[in-house]
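Source file: run.txt; contents: compact mmCIF, C-alpha atoms.
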```txt
# COMPACT_ATOMS: atom_id res chain seq x y z
CA MET A 44 -18.55 48.95 48.66
CA ALA A 45 -16.43 45.90 47.91
CA THR A 46 -14.56 46.38 51.18
CA SER A 47 -17.73 46.67 53.24
CA LEU A 48 -19.16 43.62 51.48
CA LYS A 49 -16.16 41.45 52.32
CA LYS A 50 -16.42 42.44 56.00
CA VAL A 51 -19.83 40.78 56.36
CA LEU A 52 -18.97 37.60 54.47
CA CYS A 53 -18.20 34.38 56.35
CA PRO A 54 -14.53 33.27 56.28
CA GLU A 55 -15.14 30.54 53.69
CA THR A 56 -16.94 32.92 51.34
CA ARG A 57 -14.18 35.52 51.76
CA GLN A 58 -11.66 32.86 50.78
CA LEU A 59 -13.68 32.07 47.67
CA PHE A 60 -13.94 35.82 46.93
CA ARG A 61 -10.14 36.14 47.13
CA PHE A 62 -9.66 33.12 44.88
CA PHE A 63 -11.74 34.52 42.02
CA SER A 64 -10.46 38.06 42.56
CA GLY A 65 -6.94 36.74 41.97
CA LEU A 66 -7.68 35.29 38.54
CA GLU A 67 -5.98 37.14 35.73
CA CYS A 68 -6.65 36.99 32.01
CA ARG A 69 -3.15 36.23 30.82
CA SER A 70 -1.76 35.37 27.44
CA LEU A 71 -0.36 31.87 27.23
CA SER A 72 2.23 32.80 24.65
CA HIS A 73 4.86 32.63 27.39
CA ALA A 74 4.38 28.86 27.47
CA ARG A 75 6.29 28.71 24.19
CA SER A 76 9.41 29.80 26.02
CA VAL A 77 8.82 28.51 29.53
CA TYR A 78 9.69 24.87 29.09
CA GLY A 79 11.23 23.18 26.11
CA GLY A 80 11.64 19.66 27.48
CA PRO A 81 13.70 16.82 26.08
CA ALA A 82 14.96 17.22 22.54
CA SER A 83 13.96 13.67 21.71
CA LYS A 84 12.65 10.52 23.31
CA ASN A 85 16.18 9.12 23.41
CA HIS A 86 17.38 9.45 26.99
CA GLU A 87 20.98 9.61 25.80
CA ALA A 88 20.28 12.59 23.55
CA LYS A 89 21.32 15.97 24.89
CA ARG A 90 18.39 17.60 26.62
CA ARG A 91 17.25 20.96 25.37
CA TYR A 92 15.21 23.25 27.59
CA SER A 93 14.12 26.76 26.79
CA THR A 94 15.04 29.35 29.37
CA PRO A 95 12.46 32.06 30.11
CA VAL A 96 13.34 35.62 30.90
CA LEU A 97 13.00 35.86 34.67
CA ALA A 98 13.97 38.36 37.33
CA ARG A 99 16.79 36.06 38.46
CA ALA A 100 19.49 37.33 40.77
CA GLN A 101 22.81 37.13 38.91
CA TYR A 102 26.03 38.81 39.97
CA GLY A 103 29.43 38.44 38.35
CA GLY A 104 28.30 35.49 36.29
CA ARG A 105 26.96 33.66 39.34
CA HIS A 106 23.34 32.82 39.97
CA THR A 107 21.52 32.98 43.29
CA VAL A 108 18.94 30.27 43.89
CA THR A 109 16.54 29.98 46.82
CA LEU A 110 16.99 26.72 48.74
CA LEU A 111 14.17 25.28 50.84
CA PRO A 112 15.31 22.02 52.51
CA GLY A 113 11.81 21.42 53.92
CA ASP A 114 11.14 18.45 56.18
CA GLY A 115 12.26 14.83 56.23
CA ILE A 116 15.03 13.73 53.89
CA GLY A 117 15.24 17.17 52.28
CA GLN A 118 17.29 18.28 55.29
CA GLU A 119 19.72 15.40 54.69
CA LEU A 120 19.96 15.59 50.90
CA MET A 121 20.52 19.32 50.38
CA PRO A 122 24.12 19.23 51.69
CA HIS A 123 24.81 16.54 49.07
CA ILE A 124 23.44 18.83 46.37
CA ARG A 125 25.80 21.57 47.54
CA GLU A 126 28.76 19.19 47.40
CA VAL A 127 27.91 17.95 43.91
CA PHE A 128 27.56 21.54 42.70
CA ARG A 129 30.92 22.42 44.24
CA CYS A 130 32.68 19.51 42.55
CA ALA A 131 31.02 20.31 39.22
CA GLY A 132 32.09 23.96 39.46
CA VAL A 133 28.49 25.19 39.24
CA PRO A 134 28.34 29.02 39.50
CA VAL A 135 25.37 29.02 41.87
CA ASP A 136 25.03 30.48 45.35
CA PHE A 137 22.17 29.26 47.52
CA GLU A 138 20.03 31.52 49.66
CA GLU A 139 18.73 29.02 52.20
CA VAL A 140 15.41 29.75 53.90
CA GLU A 141 13.83 27.65 56.62
CA LEU A 142 10.26 26.65 55.83
CA THR A 143 8.91 23.53 57.52
CA ASN A 144 5.66 22.07 58.74
CA GLU A 145 6.06 24.05 61.97
CA SER A 146 6.90 27.39 60.33
CA ASP A 147 4.70 30.43 60.85
CA GLU A 148 3.42 33.06 58.42
CA ASN A 149 6.61 35.10 58.75
CA ASP A 150 8.68 32.16 57.50
CA MET A 151 6.31 31.71 54.57
CA GLU A 152 6.60 35.39 53.70
CA ASN A 153 10.40 35.18 53.86
CA ALA A 154 10.37 32.16 51.53
CA LEU A 155 8.09 33.88 49.03
CA LEU A 156 10.21 37.03 49.05
CA ALA A 157 13.38 34.99 48.45
CA ILE A 158 11.84 33.10 45.52
CA LYS A 159 10.50 36.30 43.99
CA ARG A 160 13.90 37.93 44.39
CA ASN A 161 15.82 35.04 42.82
CA GLY A 162 13.19 33.75 40.39
CA VAL A 163 13.95 30.08 40.99
CA CYS A 164 13.99 27.64 43.90
CA LEU A 165 15.22 24.13 44.72
CA LYS A 166 12.94 22.61 47.31
CA GLY A 167 12.51 19.60 49.56
CA ASN A 168 8.99 18.55 50.44
CA ILE A 169 7.27 20.25 53.37
CA GLU A 170 5.04 18.02 55.45
CA THR A 171 1.36 18.82 55.93
CA ASP A 172 -0.37 17.93 59.18
CA ILE A 173 -3.22 15.55 58.31
CA VAL A 174 -4.90 15.69 61.71
CA LYS A 175 -4.73 19.37 62.68
CA ALA A 176 -7.89 21.17 61.51
CA GLY A 177 -7.29 24.28 59.45
CA HIS A 178 -3.63 23.44 58.83
CA ARG A 179 -2.90 24.54 55.27
CA SER A 180 -0.32 22.89 53.08
CA LYS A 181 2.67 25.17 52.64
CA ASN A 182 3.51 23.35 49.41
CA ILE A 183 0.14 24.39 47.98
CA ASP A 184 0.48 27.94 49.33
CA LEU A 185 3.83 28.31 47.56
CA ARG A 186 2.43 27.12 44.24
CA THR A 187 -0.70 29.24 44.37
CA SER A 188 1.01 32.38 45.71
CA LEU A 189 3.59 32.24 42.90
CA ASP A 190 1.05 31.05 40.30
CA LEU A 191 3.14 28.00 39.41
CA PHE A 192 0.37 26.65 37.24
CA ALA A 193 2.12 23.70 35.57
CA HIS A 194 3.68 20.70 37.29
CA ILE A 195 5.67 18.50 34.91
CA ILE A 196 7.24 15.11 35.44
CA HIS A 197 8.79 12.83 32.82
CA VAL A 198 8.18 9.14 33.53
CA LYS A 199 10.54 6.94 31.50
CA ASN A 200 12.18 3.54 31.82
CA ILE A 201 15.79 3.79 32.98
CA PRO A 202 18.21 1.08 31.80
CA GLY A 203 19.46 -0.89 34.76
CA VAL A 204 16.22 -0.52 36.74
CA ALA A 205 14.00 -3.61 36.50
CA THR A 206 10.35 -2.80 35.77
CA ARG A 207 7.23 -4.72 34.78
CA HIS A 208 6.67 -2.68 31.62
CA ASP A 209 9.04 -1.54 28.88
CA ASN A 210 8.75 1.40 26.46
CA ILE A 211 7.31 3.80 29.03
CA ASP A 212 7.96 7.41 28.02
CA ILE A 213 5.23 9.71 29.37
CA VAL A 214 5.22 13.41 30.14
CA MET A 215 2.61 14.23 32.79
CA ILE A 216 1.42 17.83 32.97
CA ARG A 217 -0.75 18.71 35.94
CA GLU A 218 -2.73 21.89 36.53
CA ASN A 219 -1.22 23.08 39.78
CA THR A 220 -3.39 25.84 41.23
CA GLU A 221 -7.08 24.91 41.42
CA GLY A 222 -9.45 21.92 41.53
CA GLU A 223 -9.84 20.23 44.90
CA TYR A 224 -6.47 21.71 45.88
CA ALA A 225 -7.96 25.19 46.19
CA ASN A 226 -8.31 24.42 49.93
CA LEU A 227 -11.91 25.70 49.97
CA GLU A 228 -13.70 23.55 52.51
CA HIS A 229 -15.60 24.07 55.71
CA GLU A 230 -17.95 22.31 58.10
CA ASN A 231 -21.49 23.63 57.67
CA VAL A 232 -22.82 21.83 60.73
CA PRO A 233 -21.11 19.19 62.87
CA GLY A 234 -20.56 16.11 60.75
CA VAL A 235 -21.26 17.82 57.41
CA VAL A 236 -18.25 19.09 55.43
CA GLU A 237 -18.52 21.03 52.21
CA SER A 238 -15.47 20.98 49.93
CA LEU A 239 -15.50 23.15 46.81
CA LYS A 240 -13.83 22.01 43.61
CA ILE A 241 -12.92 25.02 41.46
CA ILE A 242 -12.45 24.62 37.70
CA THR A 243 -12.11 27.77 35.58
CA ARG A 244 -12.03 28.28 31.83
CA GLU A 245 -8.99 30.53 32.05
CA ARG A 246 -6.78 28.08 33.95
CA SER A 247 -8.02 25.01 32.09
CA THR A 248 -7.22 26.68 28.78
CA ARG A 249 -3.85 27.81 30.10
CA ILE A 250 -2.73 24.30 31.09
CA ALA A 251 -4.10 22.82 27.85
CA GLU A 252 -2.11 25.34 25.79
CA PHE A 253 0.97 24.55 27.82
CA ALA A 254 0.54 20.81 27.16
CA PHE A 255 0.03 21.19 23.41
CA GLU A 256 2.92 23.64 23.10
CA TYR A 257 5.11 21.15 24.92
CA ALA A 258 3.99 18.31 22.63
CA GLN A 259 4.59 20.35 19.48
CA LYS A 260 7.99 21.63 20.57
CA ASN A 261 9.24 18.18 21.57
CA GLY A 262 7.94 16.05 18.73
CA ARG A 263 5.24 14.36 20.77
CA LYS A 264 2.33 12.89 18.84
CA LYS A 265 -0.57 12.63 21.28
CA VAL A 266 -2.12 14.51 24.19
CA SER A 267 -4.51 12.70 26.55
CA ALA A 268 -6.80 14.82 28.74
CA ILE A 269 -7.72 12.95 31.93
CA HIS A 270 -11.11 13.80 33.44
CA LYS A 271 -14.32 12.61 35.08
CA ALA A 272 -16.72 14.56 32.90
CA ASN A 273 -19.21 11.68 32.76
CA ILE A 274 -20.10 12.43 36.40
CA MET A 275 -18.83 15.98 37.05
CA LYS A 276 -20.35 17.35 33.86
CA LEU A 277 -19.89 21.02 34.70
CA GLY A 278 -16.45 21.09 36.34
CA ASP A 279 -14.59 18.34 34.51
CA GLY A 280 -16.79 18.96 31.51
CA LEU A 281 -15.40 22.49 31.30
CA PHE A 282 -11.82 21.19 31.59
CA LEU A 283 -12.39 18.67 28.80
CA GLU A 284 -14.09 21.28 26.62
CA CYS A 285 -11.12 23.65 26.99
CA CYS A 286 -8.66 20.89 26.09
CA HIS A 287 -10.71 19.95 23.04
CA LYS A 288 -10.89 23.54 21.80
CA VAL A 289 -7.14 24.01 22.20
CA SER A 290 -6.52 20.71 20.35
CA GLU A 291 -8.21 22.14 17.25
CA ARG A 292 -5.24 24.51 16.82
CA TYR A 293 -2.86 21.54 16.64
CA PRO A 294 -4.12 19.26 13.85
CA ASP A 295 -0.84 17.32 13.74
CA ILE A 296 -1.21 16.18 17.37
CA ASN A 297 -3.71 13.45 18.21
CA PHE A 298 -6.08 14.24 21.05
CA GLU A 299 -8.11 11.98 23.28
CA GLY A 300 -10.10 12.32 26.47
CA MET A 301 -9.97 9.50 29.01
CA ILE A 302 -11.89 9.05 32.26
CA ILE A 303 -9.62 8.99 35.31
CA ASP A 304 -10.61 5.50 36.51
CA ASN A 305 -9.98 4.00 33.07
CA ALA A 306 -6.74 5.97 32.76
CA SER A 307 -5.55 4.49 36.08
CA MET A 308 -6.24 0.98 34.81
CA GLN A 309 -4.57 1.67 31.48
CA MET A 310 -1.50 3.05 33.26
CA VAL A 311 -0.85 -0.27 34.99
CA SER A 312 -1.85 -2.48 32.03
CA ARG A 313 -0.70 -0.64 28.87
CA PRO A 314 1.25 2.49 29.89
CA GLU A 315 3.12 2.57 26.57
CA GLN A 316 -0.01 3.97 24.89
CA PHE A 317 0.41 7.36 26.61
CA ASP A 318 2.59 10.20 25.35
CA VAL A 319 1.63 13.53 26.98
CA MET A 320 -1.05 13.55 29.67
CA VAL A 321 -2.74 16.75 30.88
CA MET A 322 -4.88 16.68 34.02
CA PRO A 323 -6.60 18.70 36.71
CA ASN A 324 -4.79 18.89 40.02
CA LEU A 325 -6.03 15.85 41.96
CA TYR A 326 -5.96 13.46 39.01
CA GLY A 327 -2.44 14.59 38.21
CA ASN A 328 -1.36 13.76 41.74
CA ILE A 329 -2.76 10.22 41.46
CA ILE A 330 -1.52 9.46 37.94
CA SER A 331 1.96 10.85 38.68
CA ASN A 332 2.37 8.48 41.61
CA ILE A 333 1.24 5.54 39.49
CA GLY A 334 3.71 6.53 36.78
CA ALA A 335 6.60 6.84 39.22
CA GLY A 336 5.81 3.41 40.63
CA LEU A 337 5.96 1.89 37.15
CA VAL A 338 9.55 3.00 36.48
CA GLY A 339 11.22 2.58 39.86
CA GLY A 340 9.55 4.76 42.47
CA PRO A 341 9.85 8.27 43.89
CA GLY A 342 13.61 8.18 44.29
CA ILE A 343 14.34 8.74 40.59
CA ILE A 344 11.60 11.08 39.34
CA ALA A 345 12.20 14.84 39.28
CA GLY A 346 9.47 17.47 39.16
CA ARG A 347 9.16 21.02 37.89
CA ASN A 348 6.65 23.68 38.93
CA ILE A 349 6.55 26.32 36.23
CA GLY A 350 4.83 29.69 36.16
CA LYS A 351 5.06 32.87 34.16
CA ASN A 352 7.65 34.48 36.41
CA TYR A 353 8.96 31.85 38.83
CA ALA A 354 9.84 28.17 39.04
CA ILE A 355 10.35 25.60 41.81
CA PHE A 356 12.23 22.35 41.25
CA GLU A 357 11.72 19.39 43.55
CA THR A 358 11.27 15.64 43.57
CA GLY A 359 8.45 14.59 41.25
CA ILE A 360 6.55 12.67 43.93
CA ARG A 361 5.94 15.00 46.81
CA GLY A 362 6.76 13.16 50.01
CA SER A 363 9.10 13.93 52.90
CA LEU A 364 9.99 10.22 53.45
CA ARG A 365 10.51 10.94 57.13
CA HIS A 366 10.78 7.21 57.84
CA LYS A 367 14.10 7.19 55.97
CA VAL A 368 15.65 10.04 57.94
CA GLY A 369 18.91 9.04 59.59
CA GLY A 370 19.17 5.71 57.82
CA ASN A 371 21.51 6.77 54.99
CA VAL A 372 19.21 4.89 52.59
CA ALA A 373 17.24 7.66 50.86
CA ASN A 374 17.71 7.77 47.10
CA PRO A 375 19.19 11.18 46.16
CA CYS A 376 18.79 10.73 42.39
CA ALA A 377 15.40 12.47 42.08
CA LEU A 378 16.65 15.61 43.83
CA LEU A 379 19.95 15.53 41.91
CA THR A 380 18.03 15.32 38.64
CA ALA A 381 15.72 18.15 39.75
CA ALA A 382 18.81 20.22 40.51
CA ALA A 383 20.21 19.45 37.05
CA ASP A 384 16.91 20.49 35.45
CA MET A 385 17.05 23.73 37.43
CA LEU A 386 20.53 24.48 36.10
CA ASP A 387 19.35 24.10 32.53
CA TYR A 388 16.38 26.34 33.29
CA ILE A 389 18.60 29.19 34.52
CA GLY A 390 20.89 28.97 31.52
CA LEU A 391 23.63 26.54 32.60
CA PRO A 392 23.05 23.62 30.17
CA ASN A 393 26.61 22.27 30.30
CA HIS A 394 26.62 21.95 34.09
CA SER A 395 23.13 20.49 33.91
CA GLN A 396 24.17 17.84 31.41
CA LEU A 397 27.31 16.99 33.37
CA ILE A 398 25.34 16.21 36.54
CA ALA A 399 22.42 14.50 34.77
CA ASP A 400 24.75 12.23 32.79
CA SER A 401 26.64 11.24 35.92
CA VAL A 402 23.44 10.38 37.77
CA HIS A 403 22.25 8.33 34.80
CA LYS A 404 25.58 6.49 34.60
CA VAL A 405 25.52 5.61 38.30
CA ILE A 406 22.02 4.13 37.99
CA SER A 407 22.23 2.49 34.58
CA GLN A 408 25.84 1.45 34.01
CA LEU A 409 27.40 1.19 37.44
CA LYS A 410 24.09 -0.04 38.92
CA ILE A 411 24.73 1.52 42.29
CA HIS A 412 21.23 1.31 43.78
CA THR A 413 19.69 2.21 47.11
CA PRO A 414 17.17 -0.24 48.69
CA ASP A 415 14.17 1.38 46.94
CA LEU A 416 15.63 0.12 43.64
CA GLY A 417 16.44 -3.32 45.03
CA GLY A 418 20.07 -2.55 45.89
CA GLN A 419 22.11 -2.36 49.07
CA ASN A 420 23.97 0.91 48.52
CA THR A 421 23.67 3.93 50.78
CA THR A 422 22.85 7.56 50.05
CA ASN A 423 26.49 8.48 50.58
CA GLU A 424 27.68 5.82 48.14
CA ILE A 425 25.36 7.13 45.41
CA VAL A 426 26.59 10.70 45.93
CA GLU A 427 30.24 9.62 46.07
CA ALA A 428 29.83 7.72 42.79
CA VAL A 429 28.24 10.75 41.11
CA ILE A 430 31.02 13.03 42.35
CA SER A 431 33.69 10.54 41.23
CA ASP A 432 32.24 10.44 37.72
CA ILE A 433 32.01 14.23 37.59
CA LYS A 434 35.67 14.54 38.63
CA GLN A 435 36.73 12.08 35.94
CA LYS A 436 34.87 14.02 33.26
CA THR A 437 36.09 17.44 34.36
CA ALA A 438 39.67 16.14 34.58
CA THR A 439 39.34 15.00 30.97
CA TYR A 440 38.04 18.42 29.95
CA ASP A 441 40.97 20.10 31.71
```

Written form, structure tokens:
Amino acid sequence: MATSLKKVLCPETRQLFRFFSGLECRSLSHARSVYGGPASKNHEAKRRYSTPVLARAQYGGRHTVTLLPGDGIGQELMPHIREVFRCAGVPVDFEEVELTNESDENDMENALLAIKRNGVCLKGNIETDIVKAGHRSKNIDLRTSLDLFAHIIHVKNIPGVATRHDNIDIVMIRENTEGEYANLEHENVPGVVESLKIITRERSTRIAEFAFEYAQKNGRKKVSAIHKANIMKLGDGLFLECCHKVSERYPDINFEGMIIDNASMQMVSRPEQFDVMVMPNLYGNIISNIGAGLVGGPGIIAGRNIGKNYAIFETGIRGSLRHKVGGNVANPCALLTAAADMLDYIGLPNHSQLIADSVHKVISQLKIHTPDLGGQNTTNEIVEAVISDIKQKTATYD
């Protein structure tokens, strides 16, 4: 009966049917081991991430990681990542898969199979056609197909990078699979578009538990739930309710709700008040971009997409920066840091720390900056400085 029913439904309703059919009632206990985060708020302290048990491909002590260069500067920066890994002696082999804005469904299926086989992926951003009707974002399809429900970025002042505000140290946790990003929209009649915003109790509770577990594990003192429940009383009201209920299990962590428009203003006026922020999908996209702008821009912020079984690491602010292609001016630090985070995630903390420390030294101490940070250095010069520092450290170890 279910099959015959779906045959008579319109395409938009079938899409909605598939969305709800795919929901699973999962335990969130895995969040305790998915992502540990920084050991302290001191950037110099050794980072400590928990490594989940994944179906990762590992042969002879080497790990296989899916590599998706994507569009724009991703194509230019991935060879630099390979070279840094080679110089650092990282035991990782990349399985590179082409997936771009122009790719078809077969390419998407190949990418998904590779990520499922290896368990982890390093990814450049894939462009989404704004004009072409019905063109779905492949970035969103990857996250929803793999159920990468949590997107995490850590926004923190970096010594050596001039910013308007000091003492910024915010972890932003974004629900990654529903909300307006469910891609459920259609044109009822010409000139009238209906776009469905999906908020579910299961996924709101899941991301709230993830945020509070993160705060507890990493010594964070406050979680702020960002919402618009004063207007969207059912959808955002449900999200806020789930966050509030989860907060009752964590009496040692302060909890507050804040409306998205006020939160945006507070981010640019008093960002130091925030500690951990948890948000539905669209609000997380907006707030993350504000946060990145406060500490130096998209070139230095790494991002993590975490699920129960798989993970994708990428730049924290999702843009292809096509206008920088060929100019040798793109900042590679965000992708280098994402690659270091990935190494820690798959159980290579020493290699992770080696690369992360070198990137931090190049930015903070040597002050080798690309134009986005107010400098005149090139992409190649940043990478060469990172490699030089890695070689110095490894020579000392030898």

8 Å contact set for Leu111 of chain A, only C-alpha atoms, chain neighbours under 3 positions out, as a list in words: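 Final neighbour list, sorted by chain and number: Glu139, Val140, Glu141, Leu142, Ala154, Cys164, Leu165, Lys166 and Gly167 of chain A.
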
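In terms of minimum interatomic distance to Glu119 of chain A, A:Leu378 ranks closest within A:Thr437, A:Asp295, A:Leu378, A:Pro233, counting all atoms listed in the file.
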
For His123 of chain A: contacts at 9 Å, all atoms listed in the file, fewer than 4 positions along chain excluded, given as a list in words: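 Near neighbours after the sequence-gap exclusion: Glu119, Val127, Phe128, Pro375, Leu379, Asn423 and Val426 of chain A.
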
When you look at Ser401 of chain A with a cut-off of 12 Å (counting all atoms listed in the file), what residues show up, excluding the ones that are within fewer than 5 positions of it in the same chain? I need them as a PDB file with C-alpha atoms, in the coordinates of the input.
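around-v2.pdb written:
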```
ATOM      1  CA  GLU A  87      20.980   9.610  25.800  1.00  0.00           C
ATOM      2  CA  VAL A 127      27.910  17.950  43.910  1.00  0.00           C
ATOM      3  CA  ALA A 131      31.020  20.310  39.220  1.00  0.00           C
ATOM      4  CA  CYS A 376      18.790  10.730  42.390  1.00  0.00           C
ATOM      5  CA  LEU A 379      19.950  15.530  41.910  1.00  0.00           C
ATOM      6  CA  THR A 380      18.030  15.320  38.640  1.00  0.00           C
ATOM      7  CA  ALA A 383      20.210  19.450  37.050  1.00  0.00           C
ATOM      8  CA  HIS A 394      26.620  21.950  34.090  1.00  0.00           C
ATOM      9  CA  SER A 395      23.130  20.490  33.910  1.00  0.00           C
ATOM     10  CA  GLN A 396      24.170  17.840  31.410  1.00  0.00           C
ATOM     11  CA  ILE A 406      22.020   4.130  37.990  1.00  0.00           C
ATOM     12  CA  SER A 407      22.230   2.490  34.580  1.00  0.00           C
ATOM     13  CA  GLN A 408      25.840   1.450  34.010  1.00  0.00           C
ATOM     14  CA  LEU A 409      27.400   1.190  37.440  1.00  0.00           C
ATOM     15  CA  LYS A 410      24.090  -0.040  38.920  1.00  0.00           C
ATOM     16  CA  ILE A 411      24.730   1.520  42.290  1.00  0.00           C
ATOM     17  CA  ILE A 425      25.360   7.130  45.410  1.00  0.00           C
ATOM     18  CA  VAL A 426      26.590  10.700  45.930  1.00  0.00           C
ATOM     19  CA  GLU A 427      30.240   9.620  46.070  1.00  0.00           C
ATOM     20  CA  ALA A 428      29.830   7.720  42.790  1.00  0.00           C
ATOM     21  CA  VAL A 429      28.240  10.750  41.110  1.00  0.00           C
ATOM     22  CA  ILE A 430      31.020  13.030  42.350  1.00  0.00           C
ATOM     23  CA  SER A 431      33.690  10.540  41.230  1.00  0.00           C
ATOM     24  CA  ASP A 432      32.240  10.440  37.720  1.00  0.00           C
ATOM     25  CA  ILE A 433      32.010  14.230  37.590  1.00  0.00           C
ATOM     26  CA  LYS A 434      35.670  14.540  38.630  1.00  0.00           C
ATOM     27  CA  GLN A 435      36.730  12.080  35.940  1.00  0.00           C
ATOM     28  CA  LYS A 436      34.870  14.020  33.260  1.00  0.00           C
ATOM     29  CA  THR A 437      36.090  17.440  34.360  1.00  0.00           C
TER      30      THR A 437
END
```

Straight-line distance linking atom CA of Phe192 of chain A with atom CA of Gly346 of chain A, stated in Å to one decimal: 13.1 Å

Within 7 Å of Val108 of chain A using all atoms listed in the file, minus same-chain residues under 2 positions, as a ChimeraX atom specification: /A:106,110,135-138,161,163-164
